[in-house]
Amino acid sequence: MDLISKDDDLPVAFLGNQSQIEGTIQAEGILLVQGKWEGEINCHQLVVTREGRVEGKIFCQLLEIWGAVEGFSRATKTVIQPSARFRGCLMAEEISIAPGAILEGAIIFPHLDEEEDDGKKSS
């Protein structure tokens with residue numbers, strides 16, 4: 001299941017496979033990481049390619065991982081592909097993990113926590 005948006009209106013930023021960046025990015029559209037990113041990413045959609053590596057914090061609506069991610073990630077929808085390696089804390093409302101993917105760490109479903117809290121409240 002590929003998430004890459006077919007919306008031509010979203011701008012696309014690309015970090016090439018021989019590039020390495022440290023820092024923070026705030027992007028309106030799609031960010032494709034084929035190189036190495038260390039820091040914080042805040043965008044609508046992030047795709048980490050097979051050659052890509054992200055270390056740090058990720059905040060996005062759609063996250064698709066083919067490469068390596070380490071750190072904290074919060075996304076509405078996450079797809080972890082067979083070649084992916086994720087290590088850290090993953091928070092998402094929807095998660096798909098393909099057979100062969102490596103996941104080390106914690107998975108948190110925030111909407112489930114909210115529903116459980118609502119059920120525990122006394123009337």
# chains A, B, ... in the order shown; residues from 1 in each chain; ligands from 1

call {"tool": "residues_around", "arguments": {"residues": "segment 64-66 of chain A", "least_positions_apart": "3", "cutoff": "7 Å", "atoms": "only C-alpha atoms", "output": "PyMOL selection string"}}
result
chain A and resi 3+46-50+78-81+83-84

call {"tool": "residues_around", "arguments": {"residues": "segment 34-44 of chain A", "least_positions_apart": "3", "cutoff": "7 Å", "atoms": "only C-alpha atoms", "output": "compact mmCIF listing (two decimals) with N, CA and C atoms, in the first residue's frame"}}
result
# COMPACT_ATOMS: atom_id res chain seq x y z
N LEU A 15 15.28 15.37 -0.84
CA LEU A 15 16.65 15.31 -0.31
C LEU A 15 17.33 14.13 -0.98
N GLY A 16 18.30 14.40 -1.86
CA GLY A 16 18.95 13.37 -2.66
C GLY A 16 19.79 12.40 -1.86
N ASN A 17 20.12 11.26 -2.49
CA ASN A 17 20.79 10.17 -1.78
C ASN A 17 22.21 10.49 -1.34
N GLN A 18 22.84 11.51 -1.86
CA GLN A 18 24.19 11.87 -1.42
C GLN A 18 24.16 13.12 -0.54
N SER A 19 22.98 13.48 -0.07
CA SER A 19 22.82 14.67 0.76
C SER A 19 22.60 14.29 2.21
N GLN A 20 23.06 15.19 3.09
CA GLN A 20 22.88 15.00 4.53
C GLN A 20 22.55 16.36 5.13
N ILE A 21 21.48 16.41 5.92
CA ILE A 21 21.03 17.67 6.52
C ILE A 21 20.78 17.47 8.00
N GLU A 22 21.15 18.47 8.79
CA GLU A 22 20.79 18.52 10.20
C GLU A 22 19.96 19.78 10.40
N GLY A 23 18.83 19.65 11.09
CA GLY A 23 18.01 20.82 11.34
C GLY A 23 16.53 20.50 11.37
N THR A 24 15.74 21.56 11.16
CA THR A 24 14.29 21.47 11.22
C THR A 24 13.70 21.95 9.90
N ILE A 25 12.67 21.24 9.44
CA ILE A 25 11.96 21.68 8.24
C ILE A 25 10.46 21.71 8.53
N GLN A 26 9.82 22.76 8.04
CA GLN A 26 8.37 22.91 8.08
C GLN A 26 7.95 23.00 6.62
N ALA A 27 7.29 21.97 6.11
CA ALA A 27 6.92 21.93 4.70
C ALA A 27 5.42 21.78 4.54
N GLU A 28 4.87 22.42 3.54
CA GLU A 28 3.43 22.37 3.27
C GLU A 28 3.02 21.08 2.58
N GLY A 29 3.91 20.51 1.79
CA GLY A 29 3.51 19.38 0.96
C GLY A 29 4.21 18.09 1.29
N ILE A 30 4.82 17.49 0.25
CA ILE A 30 5.44 16.18 0.34
C ILE A 30 6.95 16.34 0.44
N VAL A 48 10.20 8.18 3.21
CA VAL A 48 11.60 7.85 3.41
C VAL A 48 11.89 6.67 2.48
N THR A 49 12.70 6.91 1.45
CA THR A 49 12.98 5.87 0.45
C THR A 49 13.89 4.79 1.02
N GLU A 51 16.90 4.11 0.43
CA GLU A 51 18.22 4.65 0.75
C GLU A 51 18.15 5.71 1.85
N GLY A 52 16.96 6.14 2.19
CA GLY A 52 16.78 7.25 3.13
C GLY A 52 16.94 6.85 4.58
N ARG A 53 17.35 7.84 5.38
CA ARG A 53 17.50 7.64 6.83
C ARG A 53 17.10 8.93 7.53
N VAL A 54 16.22 8.80 8.52
CA VAL A 54 15.79 9.95 9.32
C VAL A 54 16.02 9.63 10.78
N GLU A 55 16.69 10.56 11.48
CA GLU A 55 16.89 10.43 12.92
C GLU A 55 16.35 11.70 13.57
N GLY A 56 15.42 11.54 14.52
CA GLY A 56 14.87 12.71 15.19
C GLY A 56 13.39 12.60 15.40
N LYS A 57 12.68 13.72 15.15
CA LYS A 57 11.24 13.77 15.37
C LYS A 57 10.53 14.03 14.05
N ILE A 58 9.41 13.32 13.85
CA ILE A 58 8.60 13.47 12.64
C ILE A 58 7.17 13.77 13.05
N PHE A 59 6.58 14.79 12.42
CA PHE A 59 5.17 15.14 12.62
C PHE A 59 4.57 15.33 11.23
N CYS A 60 3.61 14.46 10.85
CA CYS A 60 3.01 14.58 9.53
C CYS A 60 1.65 13.89 9.51
N GLN A 61 0.93 14.09 8.41
CA GLN A 61 -0.35 13.41 8.22
C GLN A 61 -0.14 12.00 7.69
N LEU A 62 0.72 11.89 6.67
CA LEU A 62 0.98 10.61 6.01
C LEU A 62 2.47 10.31 6.07

call {"tool": "residues_around", "arguments": {"residues": "Glu93 of chain A", "least_positions_apart": "3", "cutoff": "12 Å", "atoms": "only C-alpha atoms", "output": "short mmCIF file (atom, residue, chain, number, x, y, z; two decimals) with C-alpha atoms, in the first residue's frame"}}
result
data_model
loop_
_atom_site.label_atom_id
_atom_site.label_comp_id
_atom_site.auth_asym_id
_atom_site.auth_seq_id
_atom_site.Cartn_x
_atom_site.Cartn_y
_atom_site.Cartn_z
CA CYS A 60 3.01 14.58 9.53
CA GLN A 61 -0.35 13.41 8.22
CA LEU A 62 0.98 10.61 6.01
CA LEU A 63 4.21 8.70 6.65
CA SER A 73 7.08 9.85 14.91
CA ARG A 74 3.52 11.14 15.05
CA ALA A 75 1.37 10.71 11.95
CA THR A 76 -2.30 10.23 11.19
CA LYS A 77 -1.50 7.31 8.88
CA THR A 78 1.74 5.31 8.71
CA VAL A 79 2.82 2.59 6.30
CA LEU A 90 5.52 5.54 16.69
CA SER A 96 0.20 -0.81 8.35
CA ILE A 107 3.41 1.92 19.10
CA ILE A 108 0.78 4.27 20.48
CA PHE A 109 -2.74 4.66 19.09
CA PRO A 110 -3.83 8.07 20.46
CA HIS A 111 -7.52 7.84 19.47
CA LEU A 112 -7.88 4.55 21.38
CA ASP A 113 -6.52 6.15 24.55
CA GLU A 114 -9.10 8.95 24.27
#

call {"tool": "atom_distance", "arguments": {"atom1": "atom CA of Gly67 of chain A", "atom2": "atom CA of Arg85 of chain A"}}
result
6.2 Å

call {"tool": "residues_around", "arguments": {"residues": "Gly105 of chain A", "least_positions_apart": "5", "cutoff": "6 Å", "atoms": "only C-alpha atoms", "output": "list of chain:residue names"}}
result
A:Arg87, A:Gly88, A:Cys89

call {"tool": "atom_distance", "arguments": {"atom1": "atom CA of Pro11 of chain A", "atom2": "atom CA of Pro82 of chain A"}}
result
26.9 Å

call {"tool": "select_by_dssp", "arguments": {"residues": "chain A", "states": "strand (DSSP E or B)", "output": "PyMOL selection string"}}
result
chain A and resi 12-15+20-26+30-33+36-48+53-65+68-80+85-97+102-108

call {"tool": "atom_distance", "arguments": {"atom1": "atom CA of Ala13 of chain A", "atom2": "atom CA of Val33 of chain A"}}
result
8.5 Å

call {"tool": "closest_residue", "arguments": {"among": "A:Phe14, A:Phe86, A:Leu32, A:Gln45", "to": "Glu70 of chain A", "atoms": "only C-alpha atoms"}}
result
A:Phe86
